[in-house]
>>> print(open('structure_2.txt').read())   # compact mmCIF, C-alpha atoms
# COMPACT_ATOMS: atom_id res chain seq x y z
CA MET D 140 -8.11 -8.48 -10.96
CA SER D 141 -5.63 -10.03 -13.40
CA LEU D 142 -3.82 -7.79 -15.89
CA THR D 143 -1.18 -8.33 -18.55
CA VAL D 144 1.79 -6.08 -19.14
CA LYS D 145 0.83 -5.68 -22.80
CA SER D 146 -2.73 -4.58 -22.07
CA LEU D 147 -1.64 -2.26 -19.27
CA ARG D 148 1.07 -0.63 -21.32
CA SER D 149 -1.33 0.06 -24.06
CA LEU D 150 -3.77 1.59 -21.91
CA TRP D 151 7.96 -11.25 2.15
CA ARG D 152 5.54 -11.60 3.94
CA GLY D 153 8.13 -8.79 4.47
CA ARG D 154 9.93 -8.05 7.66
CA ARG D 155 8.21 -5.23 9.43
CA CYS D 156 9.93 -1.87 9.15
CA LEU D 157 8.47 -0.73 12.49
CA SER D 158 9.60 -1.33 16.02
CA SER D 159 7.22 -2.83 18.55
CA GLN D 160 6.59 0.68 19.88
CA GLY D 161 5.63 1.93 16.42
CA GLY D 162 8.75 4.07 16.12
CA ALA D 163 10.97 4.73 13.13
CA MET D 164 13.76 2.46 11.98
CA ASN D 165 16.47 3.31 9.48
CA VAL D 166 15.56 0.61 6.96
CA PHE D 167 15.77 2.43 3.62
CA ASP D 168 18.62 4.29 1.96
CA ARG D 169 16.66 7.35 0.91
CA SER D 170 19.47 8.78 -1.20
CA MET D 171 19.59 5.48 -3.12
CA LYS D 172 15.84 5.64 -3.66
CA ARG D 173 16.15 9.17 -5.03
CA ARG D 174 18.83 8.03 -7.48
CA GLN D 175 16.68 5.09 -8.56
CA ARG D 176 13.71 7.35 -9.21
CA GLU D 177 15.79 9.92 -11.07
CA TRP D 178 17.27 7.20 -13.28
CA ALA D 179 13.82 5.72 -13.98
CA SER D 180 12.32 9.11 -14.84
CA SER D 181 15.20 9.82 -17.26
CA LEU D 182 14.37 6.81 -19.45
CA PRO D 183 13.06 7.87 -22.89
CA ASP D 184 10.20 5.37 -22.59
CA SER D 185 9.55 5.86 -18.87
CA ASP D 186 5.80 6.20 -19.41
CA LYS D 187 5.47 2.52 -20.27
CA TYR D 188 6.33 1.64 -16.66
CA ASP D 189 3.49 3.70 -15.19
CA TYR D 190 0.84 0.98 -15.55
CA LEU D 191 0.80 -0.05 -11.87
CA ARG D 192 0.66 3.52 -10.57
CA ASP D 193 -2.08 4.35 -13.09
CA GLU D 194 -4.16 1.36 -11.98
CA VAL D 195 -3.77 2.02 -8.26
CA GLY D 196 -4.35 5.75 -8.78
CA SER D 197 -7.64 4.95 -10.50
CA ARG D 198 -8.75 2.71 -7.65
CA LEU D 199 -7.76 5.35 -5.13
CA ALA D 200 -9.77 7.97 -7.03
CA ASP D 201 -12.83 5.71 -6.78
CA ARG D 202 -12.54 5.91 -3.01
CA VAL D 203 -12.42 9.70 -3.17
CA TYR D 204 -15.59 9.75 -5.26
CA ASP D 205 -17.29 7.57 -2.63
CA VAL D 206 -17.02 10.45 -0.16
CA SER D 207 -20.06 12.66 -0.69
CA ARG D 208 -18.46 16.06 -0.27
CA THR D 209 -16.19 18.50 -2.05
CA PHE D 210 -12.60 19.24 -1.11
CA PRO D 211 -11.58 22.86 -1.82
CA LEU D 212 -7.91 22.23 -0.99
CA ALA D 213 -6.12 18.88 -1.40
CA LEU D 214 -2.52 17.67 -1.05
CA ASP D 215 -0.93 14.80 -2.99
CA VAL D 216 1.96 13.33 -0.98
CA GLY D 217 4.61 11.70 -3.17
CA CYS D 218 2.95 12.65 -6.44
CA GLY D 219 5.29 10.88 -8.85
CA LYS D 220 6.51 12.85 -11.86
CA SER D 221 5.24 16.23 -10.76
CA HIS D 222 7.77 19.00 -11.34
CA ILE D 223 7.55 20.05 -7.68
CA ALA D 224 8.05 16.52 -6.31
CA GLU D 225 11.85 16.76 -6.30
CA HIS D 226 11.65 19.69 -3.91
CA LEU D 227 9.44 17.86 -1.39
CA ASN D 228 10.03 14.83 0.83
CA GLU D 229 7.26 12.50 2.02
CA GLU D 230 8.88 12.42 5.46
CA PHE D 231 8.59 16.19 5.93
CA LEU D 232 5.51 18.23 4.99
CA PRO D 233 6.30 21.98 5.08
CA PHE D 234 2.70 23.13 5.59
CA LYS D 235 0.83 24.79 8.40
CA GLU D 236 -1.52 22.82 10.62
CA ASN D 237 -5.21 22.61 9.67
CA THR D 238 -4.55 23.54 6.03
CA PHE D 239 -6.03 20.83 3.79
CA ASP D 240 -9.48 19.31 3.40
CA LEU D 241 -8.06 16.17 1.78
CA VAL D 242 -4.65 14.47 1.72
CA LEU D 243 -3.90 11.73 -0.81
CA SER D 244 -0.94 9.41 -1.19
CA SER D 245 -0.52 6.64 -3.74
CA LEU D 246 2.38 4.17 -3.68
CA SER D 247 4.97 6.33 -1.97
CA LEU D 248 4.63 5.72 1.77
CA HIS D 249 6.19 2.24 1.63
CA TRP D 250 9.65 3.80 1.17
CA ILE D 251 9.47 5.97 4.29
CA ASN D 252 11.62 5.13 7.31
CA ASP D 253 9.47 7.04 9.79
CA LEU D 254 5.97 6.01 8.73
CA PRO D 255 4.40 6.83 12.12
CA GLY D 256 5.92 10.32 11.93
CA ALA D 257 4.70 10.83 8.36
CA LEU D 258 1.15 9.85 9.33
CA ARG D 259 1.26 12.28 12.27
CA GLN D 260 2.32 15.09 9.92
CA ILE D 261 -0.49 14.24 7.50
CA TYR D 262 -2.88 14.38 10.44
CA GLN D 263 -1.56 17.78 11.49
CA VAL D 264 -1.90 19.44 8.08
CA LEU D 265 -5.51 18.26 7.73
CA LYS D 266 -8.36 20.49 8.83
CA PRO D 267 -10.71 19.09 11.48
CA ASP D 268 -13.13 16.71 9.71
CA GLY D 269 -10.59 16.41 6.88
CA VAL D 270 -9.80 13.00 5.43
CA PHE D 271 -6.66 11.12 4.46
CA ILE D 272 -7.01 8.54 1.68
CA GLY D 273 -3.91 6.55 0.79
CA ALA D 274 -2.58 3.42 -0.89
CA MET D 275 0.69 1.65 -0.20
CA VAL D 276 2.35 -1.64 -1.04
CA GLY D 277 1.66 -4.44 1.45
CA GLY D 278 3.81 -7.22 2.89
CA GLU D 279 2.73 -9.99 0.48
CA THR D 280 3.85 -8.06 -2.60
CA LEU D 281 6.02 -10.00 -5.09
CA TYR D 282 6.03 -13.16 -3.00
CA GLU D 283 6.60 -15.18 -6.19
CA LEU D 284 9.81 -13.30 -6.99
CA ARG D 285 11.02 -13.40 -3.41
CA CYS D 286 10.54 -17.15 -3.01
CA SER D 287 12.16 -17.93 -6.38
CA LEU D 288 15.26 -15.86 -5.59
CA GLN D 289 15.61 -17.34 -2.12
CA LEU D 290 15.35 -20.93 -3.35
CA ALA D 291 17.84 -20.28 -6.16
CA GLU D 292 20.37 -18.70 -3.80
CA LEU D 293 20.04 -21.57 -1.34
CA GLU D 294 20.70 -24.01 -4.16
CA ARG D 295 23.57 -22.16 -5.86
CA GLU D 296 25.18 -20.19 -3.02
CA GLY D 297 24.21 -22.01 0.16
CA GLY D 298 22.30 -19.07 1.66
CA PHE D 299 20.18 -16.11 0.69
CA ALA D 300 19.94 -12.37 1.23
CA PRO D 301 16.84 -10.14 1.01
CA HIS D 302 16.13 -8.81 -2.48
CA ILE D 303 12.63 -7.45 -1.91
CA SER D 304 12.24 -4.44 0.37
CA PRO D 305 10.39 -4.97 3.66
CA TYR D 306 6.83 -3.63 3.61
CA THR D 307 4.28 -2.74 6.27
CA ALA D 308 1.89 -5.50 7.35
CA VAL D 309 -1.83 -4.80 7.15
CA THR D 310 -2.16 -5.69 10.84
CA ASP D 311 0.06 -2.70 11.71
CA LEU D 312 -1.64 -0.12 9.53
CA GLY D 313 -4.83 0.42 11.53
CA ASN D 314 -2.82 0.80 14.74
CA LEU D 315 -0.50 3.35 13.14
CA LEU D 316 -3.43 5.43 11.87
CA GLY D 317 -5.07 5.34 15.29
CA GLN D 318 -1.84 6.32 17.04
CA ALA D 319 -1.49 9.27 14.66
CA GLY D 320 -4.91 10.52 15.81
CA PHE D 321 -7.23 9.45 12.99
CA ASN D 322 -10.68 8.04 13.67
CA MET D 323 -13.44 6.37 11.59
CA LEU D 324 -10.74 4.19 10.06
CA THR D 325 -11.11 1.98 6.99
CA VAL D 326 -8.32 -0.36 5.88
CA ASP D 327 -8.81 -2.85 3.06
CA ILE D 328 -6.61 -5.04 0.87
CA ASP D 329 -6.57 -5.38 -2.89
CA GLU D 330 -4.35 -7.31 -5.28
CA VAL D 331 -3.14 -6.44 -8.74
CA GLN D 332 -1.64 -9.39 -10.58
CA VAL D 333 0.45 -8.62 -13.65
CA HIS D 334 1.66 -11.29 -16.09
CA TYR D 335 5.17 -11.13 -17.52
CA PRO D 336 7.16 -13.28 -19.97
CA GLY D 337 9.57 -14.25 -17.18
CA LEU D 338 11.55 -13.26 -14.09
CA LEU D 339 13.95 -11.02 -15.99
CA GLU D 340 11.06 -8.91 -17.28
CA VAL D 341 9.66 -8.59 -13.75
CA MET D 342 12.98 -7.29 -12.46
CA SER D 343 13.46 -5.00 -15.46
CA ASP D 344 10.06 -3.39 -14.98
CA LEU D 345 10.64 -2.90 -11.25
CA GLN D 346 13.82 -1.05 -12.15
CA GLY D 347 11.97 1.02 -14.75
CA MET D 348 9.36 1.93 -12.14
CA GLY D 349 12.05 3.11 -9.73
CA GLU D 350 10.88 0.37 -7.35
CA SER D 351 14.11 -1.59 -6.92
CA ASN D 352 15.18 -2.57 -3.42
CA CYS D 353 16.80 0.27 -1.47
CA ALA D 354 17.06 -1.35 1.97
CA TRP D 355 20.42 -0.88 3.65
CA ASN D 356 20.91 -4.65 3.94
CA ARG D 357 20.22 -5.36 0.28
CA LYS D 358 22.61 -7.58 -1.66
CA SER D 359 24.43 -5.52 -4.26
CA LEU D 360 25.13 -8.33 -6.73
CA LEU D 361 23.13 -11.26 -8.10
CA HIS D 362 25.19 -13.96 -9.81
CA ARG D 363 24.16 -14.89 -13.33
CA ASP D 364 23.76 -18.58 -12.43
CA THR D 365 21.49 -17.64 -9.54
CA ILE D 366 19.31 -15.46 -11.75
CA LEU D 367 18.93 -18.23 -14.34
CA ALA D 368 18.07 -20.74 -11.62
CA ALA D 369 15.54 -18.34 -10.11
CA ALA D 370 13.93 -17.81 -13.51
CA ALA D 371 13.52 -21.58 -13.94
CA ILE D 372 12.08 -21.95 -10.42
CA TYR D 373 9.69 -19.07 -11.04
CA LYS D 374 8.25 -20.73 -14.14
CA GLU D 375 8.12 -24.16 -12.49
CA MET D 376 6.34 -22.99 -9.33
CA TYR D 377 4.12 -20.18 -10.61
CA GLY D 378 4.10 -20.36 -14.42
CA ASN D 379 0.86 -20.08 -16.40
CA GLU D 380 -0.23 -22.35 -19.25
CA ASP D 381 0.77 -19.68 -21.77
CA CYS D 382 4.35 -19.73 -20.35
CA SER D 383 3.95 -16.31 -18.67
CA VAL D 384 4.53 -15.79 -14.94
CA PRO D 385 2.41 -13.77 -12.49
CA ALA D 386 3.68 -11.04 -10.18
CA THR D 387 1.32 -10.11 -7.37
CA PHE D 388 1.22 -6.61 -5.92
CA GLN D 389 -0.67 -6.42 -2.63
CA ILE D 390 -2.10 -2.93 -2.18
CA LEU D 391 -3.25 -1.61 1.20
CA TYR D 392 -5.87 1.16 1.04
CA MET D 393 -6.51 3.34 4.07
CA ILE D 394 -8.99 6.04 4.99
CA GLY D 395 -8.77 8.08 8.20
CA TRP D 396 -10.60 11.18 9.38
CA LYS D 397 -9.36 13.98 11.59
CA PRO D 398 -11.81 14.25 14.51
CA HIS D 399 -14.44 17.00 14.60
CA GLU D 400 -17.36 17.63 16.93
CA SER D 401 -19.84 17.14 14.08
CA GLN D 402 -18.78 13.52 13.54
CA ALA D 403 -20.88 10.69 14.90
CA LYS D 404 -19.59 9.37 18.21
CA PRO D 405 -20.02 5.93 19.76
CA ALA D 406 -22.57 5.67 22.55
CA LYS D 407 -21.27 5.87 26.12
CA ARG D 408 -20.54 2.58 27.81
CA GLY D 409 -23.55 1.37 29.79
CA SER D 410 -26.05 3.62 27.98
CA ALA D 411 -27.88 0.76 26.23
CA ASN D 412 -31.47 0.14 27.40
CA VAL D 413 -31.81 -3.33 25.82
CA SER D 414 -29.91 -6.39 26.98
CA LEU D 415 -28.30 -8.69 24.44
CA ALA D 416 -29.70 -11.55 26.49
CA ASP D 417 -33.21 -10.46 25.45
CA LEU D 418 -32.52 -10.83 21.73
CA SER D 419 -33.28 -14.55 21.84
CA LYS D 420 -36.80 -13.74 23.06
CA ILE D 421 -37.72 -11.57 20.09
CA SER D 422 -38.77 -14.51 17.92
CA LYS D 423 -41.11 -15.66 20.70
CA LEU D 424 -43.02 -12.38 20.93
CA PRO D 425 -46.47 -12.48 19.27
CA THR D 426 -46.96 -10.33 16.19
CA ASP D 427 -49.73 -7.73 15.92
CA HIS D 428 -51.63 -10.10 13.61
CA GLN D 429 -51.45 -12.88 16.20
CA LYS D 430 -52.66 -10.55 18.95
CA THR D 431 -55.65 -9.47 16.85
CA SER D 432 -56.57 -13.09 16.11
CA GLU D 433 -56.40 -14.02 19.79
CA LYS D 434 -58.71 -11.13 20.75
CA ALA D 435 -61.22 -12.13 18.07
>>> encode(input="structure_2.txt", output="structure tokens")
Amino acid sequence: MSLTVKSLRSLWRGRRCLSSQGGAMNVFDRSMKRRQREWASSLPDSDKYDYLRDEVGSRLADRVYDVSRTFPLALDVGCGKSHIAEHLNEEFLPFKENTFDLVLSSLSLHWINDLPGALRQIYQVLKPDGVFIGAMVGGETLYELRCSLQLAELEREGGFAPHISPYTAVTDLGNLLGQAGFNMLTVDIDEVQVHYPGLLEVMSDLQGMGESNCAWNRKSLLHRDTILAAAAIYKEMYGNEDCSVPATFQILYMIGWKPHESQAKPAKRGSANVSLADLSKISKLPTDHQKTSEKA
């Protein structure tokens, strides 16, 4: 789906932030992320930067409606501008086990250092047969911006530093959900492409969203010459015919259920009574019509 900033307002491959054992790494400066969010929420026109969250929230809601049941008690993890959000942390859920029928999370889990631990806590607070439905930013997000900045820095400064935060790869997500205890998993990828006048507008909107880089190894300063060179590279490599530039947000959607005895279970190994080798013979078996004709 392709969207423009104007219409929405009116309405690397990243480095993995997980160790090979699926443990936590101290990648993000969480206090910096809090300051970024507080600054963004204090803007007098902060609502105009909500277009991406509104779009992803709508798509996440569609997945909730696809589940044919009601949820008497639900939890929204990282719920944006809610007045209680500042008192909660996505990395610690102060709720009893087996409390909620549904847990939702939209575009907040990608800033968590201990994602495996957060998923385990979500699993714990769900009731048996409860479901977790979430959306987070994937590793291919903003590849246009990342490549443009890297090429400009190589040209002007002789090297480059990361400017886009590392995000979880889709290949890791299913494993993390399974390790947390979830079953009947569904993981799918979606893309939202937004068109901007140029690179500066992309970076300005990311700041307004509170989505600026907060990795510990981020570069604190971008030289003016480098930014101008990156803007020119962006338009040259990715520019549209109308002189706008695209910014691609890869969104990973996940659904996981807490096990319950009522859920369907896979058949035991070796319980099949038909061999796969016999499937090729099915087309050779006579039909009832053929058998009747032969008897006649």
>>> residues_around(input="structure_2.txt", residues="Gly298 (chain D)", least_positions_apart="5", cutoff="8 Å", atoms="only C-alpha atoms", output="NGL selection string")
:D and (289 or 292-293)
>>> closest_residue(input="structure_2.txt", among="D:Gly278, D:Ala291, D:Cys286, D:Ile272", to="Thr310 (chain D)", atoms="only C-alpha atoms")
D:Gly278
>>> closest_residue(input="structure_2.txt", among="D:Asn322, D:Ser287, D:Ser245, D:Asn314", to="Val195 (chain D)", atoms="only C-alpha atoms")
D:Ser245
>>> closest_residue(input="structure_2.txt", among="D:Gly320, D:Pro267, D:Gly297, D:Gly277", to="Thr365 (chain D)", atoms="all atoms listed in the file")
D:Gly297
>>> atom_distance(input="structure_2.txt", atom1="CA of Leu243 (chain D)", atom2="CA of Val341 (chain D)")
27.6 Å
>>> atom_distance(input="structure_2.txt", atom1="CA of Asp253 (chain D)", atom2="CA of Glu194 (chain D)")
26.3 Å
>>> residues_around(input="structure_2.txt", residues="Val203 (chain D)", least_positions_apart="3", cutoff="10 Å", atoms="all atoms listed in the file", output="count of residues only")
16
>>> closest_residue(input="structure_2.txt", among="D:Ile372, D:Leu367, D:Leu361, D:Val166", to="Ile251 (chain D)", atoms="all atoms listed in the file")
D:Val166
>>> closest_residue(input="structure_2.txt", among="D:Leu182, D:Ala370, D:Met393, D:Leu339", to="Thr325 (chain D)", atoms="all atoms listed in the file")
D:Met393
